[in-house]
>>> print(open('protein_7.cif').read())   # mmCIF, C-alpha atoms
data_my_file
loop_
_atom_site.label_atom_id
_atom_site.label_comp_id
_atom_site.auth_asym_id
_atom_site.auth_seq_id
_atom_site.Cartn_x
_atom_site.Cartn_y
_atom_site.Cartn_z
CA MET A 1 -31.61 44.25 -6.92
CA LYS A 2 -30.08 42.89 -3.71
CA THR A 3 -30.22 45.04 -0.61
CA ARG A 4 -27.15 45.91 1.44
CA LYS A 5 -28.24 43.37 4.06
CA GLU A 6 -28.47 40.63 1.42
CA TRP A 7 -25.01 41.47 0.09
CA MET A 8 -23.63 41.32 3.62
CA MET A 9 -25.17 37.88 4.13
CA LEU A 10 -23.61 36.65 0.89
CA PHE A 11 -20.24 38.00 1.99
CA ILE A 12 -20.51 36.28 5.37
CA CYS A 13 -21.45 32.98 3.69
CA LEU A 14 -18.44 33.30 1.38
CA ILE A 15 -16.06 33.89 4.29
CA ALA A 16 -17.59 30.97 6.19
CA SER A 17 -17.19 28.65 3.24
CA LEU A 18 -13.54 29.61 2.87
CA ASN A 19 -12.94 29.01 6.57
CA MET A 20 -14.52 25.55 6.28
CA TYR A 21 -11.95 24.61 3.66
CA ALA A 22 -9.15 23.01 5.64
CA GLY A 23 -6.56 23.04 2.87
CA ASP A 24 -5.71 19.41 3.63
CA LYS A 25 -7.23 15.94 3.20
CA ALA A 26 -9.96 16.77 5.71
CA SER A 27 -11.45 18.97 2.99
CA PHE A 28 -12.48 15.90 0.94
CA LEU A 29 -16.15 14.98 1.26
CA LYS A 30 -17.01 11.39 2.20
CA LYS A 31 -19.24 9.56 -0.26
CA GLN A 32 -20.39 6.03 -1.07
CA PHE A 33 -21.36 4.79 -4.51
CA THR A 34 -23.59 1.79 -5.18
CA ALA A 35 -22.89 0.28 -8.59
CA SER A 36 -25.55 -1.27 -10.79
CA SER A 37 -24.35 -4.67 -9.55
CA GLY A 38 -25.03 -3.65 -5.94
CA TYR A 39 -21.30 -3.31 -5.19
CA GLN A 40 -20.62 -0.50 -2.72
CA LEU A 41 -17.56 1.70 -3.15
CA ASN A 42 -16.40 4.27 -0.62
CA TYR A 43 -14.75 7.35 -2.06
CA ARG A 44 -13.70 10.88 -1.21
CA ILE A 45 -14.25 13.86 -3.48
CA LEU A 46 -12.90 17.39 -3.50
CA TYR A 47 -14.47 20.13 -5.59
CA PRO A 48 -12.53 23.18 -6.79
CA LEU A 49 -12.53 26.27 -4.58
CA ASP A 50 -14.59 28.20 -7.11
CA TYR A 51 -16.83 25.25 -7.94
CA SER A 52 -19.96 25.97 -9.95
CA PRO A 53 -22.31 23.23 -11.22
CA GLU A 54 -22.69 25.32 -14.34
CA LYS A 55 -19.06 24.72 -15.32
CA GLN A 56 -17.05 21.70 -16.46
CA TYR A 57 -13.83 20.79 -14.67
CA PRO A 58 -10.91 18.44 -15.18
CA VAL A 59 -10.98 15.30 -13.03
CA ILE A 60 -8.03 13.69 -11.25
CA LEU A 61 -8.73 10.09 -10.27
CA PHE A 62 -6.35 8.91 -7.55
CA LEU A 63 -5.85 5.20 -6.82
CA HIS A 64 -4.20 4.33 -3.50
CA GLY A 65 -1.90 1.42 -2.72
CA ALA A 66 -2.52 -1.95 -1.06
CA GLY A 67 -1.76 -0.63 2.42
CA GLU A 68 -4.65 1.84 2.30
CA ARG A 69 -7.39 -0.69 1.52
CA GLY A 70 -10.31 -0.97 3.91
CA HIS A 71 -13.72 0.50 4.76
CA ASP A 72 -12.90 3.61 6.79
CA ASN A 73 -13.04 5.92 3.75
CA GLU A 74 -10.00 7.75 5.10
CA ALA A 75 -6.85 5.70 4.55
CA GLN A 76 -6.85 6.24 0.78
CA LEU A 77 -5.76 9.84 1.39
CA ARG A 78 -2.81 8.90 3.61
CA HIS A 79 -0.39 9.53 0.75
CA GLY A 80 -1.07 12.51 -1.49
CA GLY A 81 -4.27 13.71 0.15
CA ASP A 82 -2.77 16.86 1.67
CA MET A 83 -0.91 17.63 -1.54
CA PHE A 84 -4.04 17.42 -3.70
CA ALA A 85 -6.07 19.51 -1.25
CA SER A 86 -3.48 22.22 -0.58
CA TYR A 87 -4.34 25.83 -1.35
CA GLU A 88 -1.49 25.96 -3.85
CA THR A 89 -2.76 22.95 -5.78
CA GLN A 90 -6.36 24.06 -5.68
CA SER A 91 -5.58 27.59 -6.82
CA ARG A 92 -3.21 26.57 -9.62
CA TYR A 93 -4.96 23.40 -10.83
CA PRO A 94 -8.69 23.62 -10.16
CA ALA A 95 -10.12 20.14 -10.67
CA ILE A 96 -12.54 17.64 -9.21
CA ILE A 97 -10.38 15.14 -7.34
CA ILE A 98 -11.81 11.68 -6.68
CA ALA A 99 -10.13 9.14 -4.40
CA PRO A 100 -11.95 5.79 -4.14
CA GLN A 101 -11.06 3.19 -1.50
CA CYS A 102 -10.55 -0.42 -2.52
CA PRO A 103 -11.97 -2.90 0.03
CA GLU A 104 -9.60 -5.14 1.97
CA GLY A 105 -8.62 -8.27 0.04
CA GLU A 106 -9.45 -6.73 -3.36
CA THR A 107 -7.31 -5.01 -5.98
CA TRP A 108 -7.70 -2.31 -8.62
CA SER A 109 -6.29 -4.54 -11.34
CA PRO A 110 -6.19 -8.31 -11.78
CA TYR A 111 -2.79 -9.76 -10.94
CA ILE A 112 -1.29 -12.71 -9.10
CA HIS A 113 0.74 -11.73 -6.05
CA PRO A 114 4.36 -13.01 -5.81
CA SER A 115 3.45 -14.96 -2.65
CA LYS A 116 1.15 -17.11 -4.76
CA ASN A 117 3.35 -17.42 -7.83
CA ASN A 118 6.85 -18.55 -6.76
CA GLY A 119 7.92 -15.03 -5.86
CA LYS A 120 6.90 -13.49 -9.20
CA ARG A 121 4.10 -11.02 -9.84
CA PHE A 122 1.97 -11.94 -12.84
CA PHE A 123 -0.44 -9.77 -14.81
CA PRO A 124 -2.92 -11.79 -16.92
CA TYR A 125 -3.52 -10.63 -20.46
CA ASN A 126 -7.30 -10.73 -20.76
CA ALA A 127 -8.75 -10.97 -17.26
CA PRO A 128 -11.99 -9.02 -16.69
CA ALA A 129 -11.98 -5.83 -14.68
CA THR A 130 -12.05 -6.30 -10.93
CA PRO A 131 -15.31 -5.38 -9.14
CA ALA A 132 -13.56 -2.37 -7.61
CA MET A 133 -12.38 -1.09 -10.99
CA LYS A 134 -15.82 -1.59 -12.54
CA ALA A 135 -17.37 0.41 -9.72
CA VAL A 136 -14.80 3.20 -10.07
CA LYS A 137 -15.52 3.61 -13.79
CA GLU A 138 -19.27 3.56 -13.25
CA MET A 139 -18.95 6.10 -10.43
CA VAL A 140 -16.88 8.51 -12.56
CA ASP A 141 -19.44 8.12 -15.36
CA THR A 142 -22.16 9.40 -13.03
CA TYR A 143 -20.25 12.67 -12.60
CA ILE A 144 -19.82 12.92 -16.36
CA ALA A 145 -23.57 12.47 -16.73
CA LYS A 146 -24.10 15.50 -14.45
CA GLY A 147 -22.34 17.66 -17.04
CA ILE A 148 -19.66 18.93 -14.63
CA VAL A 149 -16.69 17.04 -16.12
CA ASP A 150 -14.46 18.21 -18.96
CA THR A 151 -14.23 14.81 -20.66
CA LYS A 152 -11.15 15.89 -22.61
CA ARG A 153 -9.22 16.38 -19.36
CA ILE A 154 -9.71 13.31 -17.17
CA TYR A 155 -6.44 12.30 -15.50
CA ILE A 156 -5.48 9.24 -13.48
CA THR A 157 -2.63 8.56 -11.11
CA GLY A 158 -1.89 5.97 -8.47
CA LEU A 159 0.84 4.40 -6.37
CA SER A 160 1.94 0.77 -6.05
CA MET A 161 -1.29 -1.26 -6.36
CA GLY A 162 -2.80 2.00 -7.58
CA GLY A 163 0.01 2.36 -10.13
CA MET A 164 -0.95 -1.06 -11.46
CA GLY A 165 -4.58 0.06 -11.43
CA THR A 166 -3.61 3.18 -13.35
CA PHE A 167 -2.14 1.10 -16.15
CA ASP A 168 -5.13 -1.25 -16.10
CA ALA A 169 -7.70 1.54 -16.27
CA VAL A 170 -6.00 3.24 -19.21
CA LEU A 171 -5.70 -0.02 -21.15
CA ARG A 172 -9.23 -1.09 -20.27
CA TYR A 173 -10.83 2.25 -21.16
CA PRO A 174 -8.75 3.66 -24.05
CA ASN A 175 -9.20 7.34 -24.91
CA PHE A 176 -10.96 7.99 -21.63
CA PHE A 177 -7.95 9.47 -19.84
CA ALA A 178 -5.91 12.34 -21.25
CA ALA A 179 -2.88 11.54 -19.07
CA ALA A 180 -1.76 8.88 -16.62
CA SER A 181 0.92 8.92 -13.93
CA PRO A 182 1.57 5.41 -12.56
CA ILE A 183 3.95 5.37 -9.59
CA CYS A 184 5.86 2.15 -8.79
CA GLY A 185 3.35 0.10 -10.73
CA GLY A 186 3.36 -2.51 -13.47
CA THR A 187 1.26 -4.12 -16.18
CA ASN A 188 1.05 -6.87 -18.77
CA LEU A 189 3.45 -5.80 -21.52
CA GLN A 190 1.51 -7.50 -24.30
CA ARG A 191 -1.59 -5.55 -23.35
CA LEU A 192 0.51 -2.39 -23.29
CA GLU A 193 2.05 -3.10 -26.67
CA ASN A 194 -1.44 -3.44 -28.16
CA PHE A 195 -2.59 -0.11 -26.74
CA LYS A 196 -4.08 2.16 -29.40
CA GLY A 197 -5.20 5.07 -27.25
CA LYS A 198 -3.83 8.59 -27.06
CA THR A 199 -3.20 8.80 -23.31
CA ALA A 200 0.12 10.34 -22.30
CA PHE A 201 2.15 8.56 -19.61
CA SER A 202 4.49 9.85 -16.91
CA ILE A 203 5.99 6.90 -15.02
CA TYR A 204 7.87 7.04 -11.69
CA HIS A 205 9.81 4.41 -9.71
CA GLY A 206 12.62 4.06 -7.19
CA THR A 207 15.74 2.10 -8.13
CA ASP A 208 15.84 0.23 -4.81
CA ASP A 209 12.17 -0.69 -4.61
CA ASP A 210 12.05 -4.11 -2.95
CA THR A 211 8.26 -4.40 -3.07
CA VAL A 212 7.48 -3.71 -6.72
CA ASN A 213 10.40 -4.42 -9.04
CA PRO A 214 11.44 -1.23 -10.89
CA GLN A 215 11.97 -3.40 -13.95
CA TRP A 216 8.18 -3.37 -14.36
CA SER A 217 8.27 0.39 -14.95
CA ARG A 218 11.39 0.20 -17.10
CA ASP A 219 9.75 -2.41 -19.32
CA ALA A 220 6.52 -0.42 -19.51
CA TYR A 221 8.47 2.66 -20.53
CA ALA A 222 10.37 0.73 -23.24
CA THR A 223 7.13 -0.78 -24.53
CA LEU A 224 5.39 2.58 -24.74
CA GLN A 225 8.40 4.02 -26.54
CA LYS A 226 8.22 1.11 -28.97
CA ILE A 227 4.62 1.94 -29.93
CA LYS A 228 5.57 5.65 -30.09
CA ALA A 229 3.29 6.69 -27.25
CA ASP A 230 3.69 10.01 -25.47
CA VAL A 231 5.70 8.79 -22.48
CA ARG A 232 8.37 9.88 -20.04
CA TYR A 233 10.00 8.02 -17.16
CA LYS A 234 11.79 9.15 -14.02
CA GLU A 235 13.67 6.76 -11.75
CA TYR A 236 14.92 7.83 -8.33
CA PRO A 237 18.37 6.48 -7.31
CA GLY A 238 18.48 4.89 -3.86
CA VAL A 239 14.73 5.26 -3.31
CA LYS A 240 12.77 2.24 -2.16
CA HIS A 241 9.03 1.66 -2.41
CA ASN A 242 7.94 5.13 -1.30
CA SER A 243 8.81 6.77 -4.62
CA TRP A 244 5.45 8.54 -4.47
CA ASP A 245 7.04 11.03 -2.07
CA ASN A 246 9.50 11.96 -4.81
CA ALA A 247 6.86 11.97 -7.54
CA PHE A 248 4.49 14.21 -5.57
CA ALA A 249 7.39 16.60 -4.96
CA GLU A 250 8.15 16.97 -8.67
CA PRO A 251 7.57 20.60 -9.70
CA ASP A 252 5.62 19.47 -12.77
CA TYR A 253 3.82 16.42 -11.34
CA LEU A 254 0.45 18.16 -11.77
CA SER A 255 1.31 20.72 -14.42
CA TRP A 256 2.41 17.90 -16.74
CA MET A 257 -1.05 16.33 -16.48
CA PHE A 258 -2.80 19.61 -17.15
CA GLN A 259 -0.78 20.11 -20.34
CA HIS A 260 -2.67 17.21 -21.91
CA GLU A 261 -6.16 16.84 -23.27
CA LEU A 262 -7.80 14.41 -25.66
#
>>> encode(input="protein_7.cif", output="structure tokens")
Amino acid sequence: MKTRKEWMMLFICLIASLNMYAGDKASFLKKQFTASSGYQLNYRILYPLDYSPEKQYPVILFLHGAGERGHDNEAQLRHGGDMFASYETQSRYPAIIIAPQCPEGETWSPYIHPSKNNGKRFFPYNAPATPAMKAVKEMVDTYIAKGIVDTKRIYITGLSMGGMGTFDAVLRYPNFFAAASPICGGTNLQRLENFKGKTAFSIYHGTDDDTVNPQWSRDAYATLQKIKADVRYKEYPGVKHNSWDNAFAEPDYLSWMFQHEL
């Protein structure tokens, strides 16, 4: 039986741990993963407030956009980091949140940029996974192997380049993700039409996006409806490329994800 002094020490440690939690993106731990290929991937991870290695938790995988690429292991939380780490989010939706950082010059999904294709973005049908995407999947698998992940509740979301990566990951690894929320993204429609998985989709885009054509999301939505997937789409009138601000502000942005499991 613990003595009064031991109980007091436990209480002090608990208070200290709560004070160390910043309630914003600073709360994410900095990590680096080395894939079996030798590829090194920086990422940030946030554990639930009541984290116990004896339990299994949902995972939210967050893929940033092209502007947050690099090697500082910080920029990937520029958009959404504070929202994911807030006390409200952590108390209502306890999950392990993982935010990898794509190196400069690389992408989450294979596509040809408009500047190299007569002003049109092109998504190849059967290109292999990018090195960054391979590393992300392998890294998430290591957490699954630890027994701390509820594999029926793995969610993925991302913005812009990360929205494209969200589509790519779901199509590349069917029945791995319970729900996906691509924001101002896009994908190869033939790949999407051949999708046989059970992942639910919630798609977001701004009508005036002059960086990623909203037609990509409209077409993805129509294609998923055609194959009778679980999908919804919200388009924001007058909003340009930063539609993630609107998506993150949706009252059910996170609760919608947590309603789904494989």
>>> resolve_selection(input="protein_7.cif", expression="the PyMOL selection byres ((chain A and resi 186) around 6)", output="PDB file with C-alpha atoms, keeping the file's coordinate frame")
ATOM      1  CA  MET A 164      -0.950  -1.060 -11.460  1.00  0.00           C
ATOM      2  CA  GLY A 185       3.350   0.100 -10.730  1.00  0.00           C
ATOM      3  CA  THR A 187       1.260  -4.120 -16.180  1.00  0.00           C
ATOM      4  CA  TRP A 216       8.180  -3.370 -14.360  1.00  0.00           C
ATOM      5  CA  SER A 217       8.270   0.390 -14.950  1.00  0.00           C
TER       6      SER A 217
END
>>> atom_distance(input="protein_7.cif", atom1="atom CA of A:Leu49", atom2="atom CA of A:Phe167")
29.6 Å
>>> closest_residue(input="protein_7.cif", among="A:Asp24, A:Asp210, A:Glu106, A:Glu138", to="A:Met83", atoms="all atoms listed in the file")
A:Asp24
>>> closest_residue(input="protein_7.cif", among="A:Ser37, A:Asn194, A:Thr223, A:Ser160", to="A:Asp209", atoms="only C-alpha atoms")
A:Ser160
>>> closest_residue(input="protein_7.cif", among="A:Ile183, A:Met257, A:Tyr221, A:Gly165", to="A:Ala200", atoms="all atoms listed in the file")
A:Met257
>>> atom_distance(input="protein_7.cif", atom1="atom CA of A:Gly23", atom2="atom CA of A:Arg78")
14.6 Å
>>> residues_around(input="protein_7.cif", residues="A:Asn246", least_positions_apart="4", cutoff="10 Å", atoms="all atoms listed in the file", output="list in words")
Ile183, Tyr204, His205, Gly206, Lys234, Glu235, Tyr236, Val239, Asn242, Glu250 and Tyr253 of chain A
>>> write_last_selection(input="protein_7.cif", atoms="C-alpha atoms", output="PDB file, keeping the file's coordinate frame")
ATOM      1  CA  ILE A 183       3.950   5.370  -9.590  1.00  0.00           C
ATOM      2  CA  TYR A 204       7.870   7.040 -11.690  1.00  0.00           C
ATOM      3  CA  HIS A 205       9.810   4.410  -9.710  1.00  0.00           C
ATOM      4  CA  GLY A 206      12.620   4.060  -7.190  1.00  0.00           C
ATOM      5  CA  LYS A 234      11.790   9.150 -14.020  1.00  0.00           C
ATOM      6  CA  GLU A 235      13.670   6.760 -11.750  1.00  0.00           C
ATOM      7  CA  TYR A 236      14.920   7.830  -8.330  1.00  0.00           C
ATOM      8  CA  VAL A 239      14.730   5.260  -3.310  1.00  0.00           C
ATOM      9  CA  ASN A 242       7.940   5.130  -1.300  1.00  0.00           C
ATOM     10  CA  GLU A 250       8.150  16.970  -8.670  1.00  0.00           C
ATOM     11  CA  TYR A 253       3.820  16.420 -11.340  1.00  0.00           C
TER      12      TYR A 253
END
>>> resolve_selection(input="protein_7.cif", expression="the PyMOL selection byres ((chain A and resi 121-123) around 6)", output="list of chain:residue names")
A:Tyr111, A:Ile112, A:His113, A:Pro114, A:Lys120, A:Pro124, A:Asn188
>>> closest_residue(input="protein_7.cif", among="A:Pro48, A:Gly163, A:Gly147, A:Pro182", to="A:Phe84", atoms="only C-alpha atoms")
A:Pro48
>>> atom_distance(input="protein_7.cif", atom1="atom CA of A:Glu193", atom2="atom CA of A:Val140")
26.3 Å
>>> resolve_selection(input="protein_7.cif", expression="the PyMOL selection byres ((chain A and resi 135) around 10)", output="list of chain:residue names")
A:Phe33, A:Thr34, A:Ala35, A:Ser36, A:Ser37, A:Gly38, A:Tyr39, A:Gln40, A:Leu41, A:Asn42, A:Pro100, A:Cys102, A:Ala129, A:Thr130, A:Pro131, A:Ala132, A:Met133, A:Lys134, A:Val136, A:Lys137, A:Glu138, A:Met139, A:Val140, A:Asp141
>>> write_last_selection(input="protein_7.cif", atoms="C-alpha atoms", output="PDB file, in the coordinates of the input")
ATOM      1  CA  PHE A  33     -21.360   4.790  -4.510  1.00  0.00           C
ATOM      2  CA  THR A  34     -23.590   1.790  -5.180  1.00  0.00           C
ATOM      3  CA  ALA A  35     -22.890   0.280  -8.590  1.00  0.00           C
ATOM      4  CA  SER A  36     -25.550  -1.270 -10.790  1.00  0.00           C
ATOM      5  CA  SER A  37     -24.350  -4.670  -9.550  1.00  0.00           C
ATOM      6  CA  GLY A  38     -25.030  -3.650  -5.940  1.00  0.00           C
ATOM      7  CA  TYR A  39     -21.300  -3.310  -5.190  1.00  0.00           C
ATOM      8  CA  GLN A  40     -20.620  -0.500  -2.720  1.00  0.00           C
ATOM      9  CA  LEU A  41     -17.560   1.700  -3.150  1.00  0.00           C
ATOM     10  CA  ASN A  42     -16.400   4.270  -0.620  1.00  0.00           C
ATOM     11  CA  PRO A 100     -11.950   5.790  -4.140  1.00  0.00           C
ATOM     12  CA  CYS A 102     -10.550  -0.420  -2.520  1.00  0.00           C
ATOM     13  CA  ALA A 129     -11.980  -5.830 -14.680  1.00  0.00           C
ATOM     14  CA  THR A 130     -12.050  -6.300 -10.930  1.00  0.00           C
ATOM     15  CA  PRO A 131     -15.310  -5.380  -9.140  1.00  0.00           C
ATOM     16  CA  ALA A 132     -13.560  -2.370  -7.610  1.00  0.00           C
ATOM     17  CA  MET A 133     -12.380  -1.090 -10.990  1.00  0.00           C
ATOM     18  CA  LYS A 134     -15.820  -1.590 -12.540  1.00  0.00           C
ATOM     19  CA  VAL A 136     -14.800   3.200 -10.070  1.00  0.00           C
ATOM     20  CA  LYS A 137     -15.520   3.610 -13.790  1.00  0.00           C
ATOM     21  CA  GLU A 138     -19.270   3.560 -13.250  1.00  0.00           C
ATOM     22  CA  MET A 139     -18.950   6.100 -10.430  1.00  0.00           C
ATOM     23  CA  VAL A 140     -16.880   8.510 -12.560  1.00  0.00           C
ATOM     24  CA  ASP A 141     -19.440   8.120 -15.360  1.00  0.00           C
TER      25      ASP A 141
END
>>> residues_around(input="protein_7.cif", residues="A:Glu74", least_positions_apart="2", cutoff="9 Å", atoms="all atoms listed in the file", output="ChimeraX atom specification")
/A:25,30,43-44,68,70-72,76-78,101
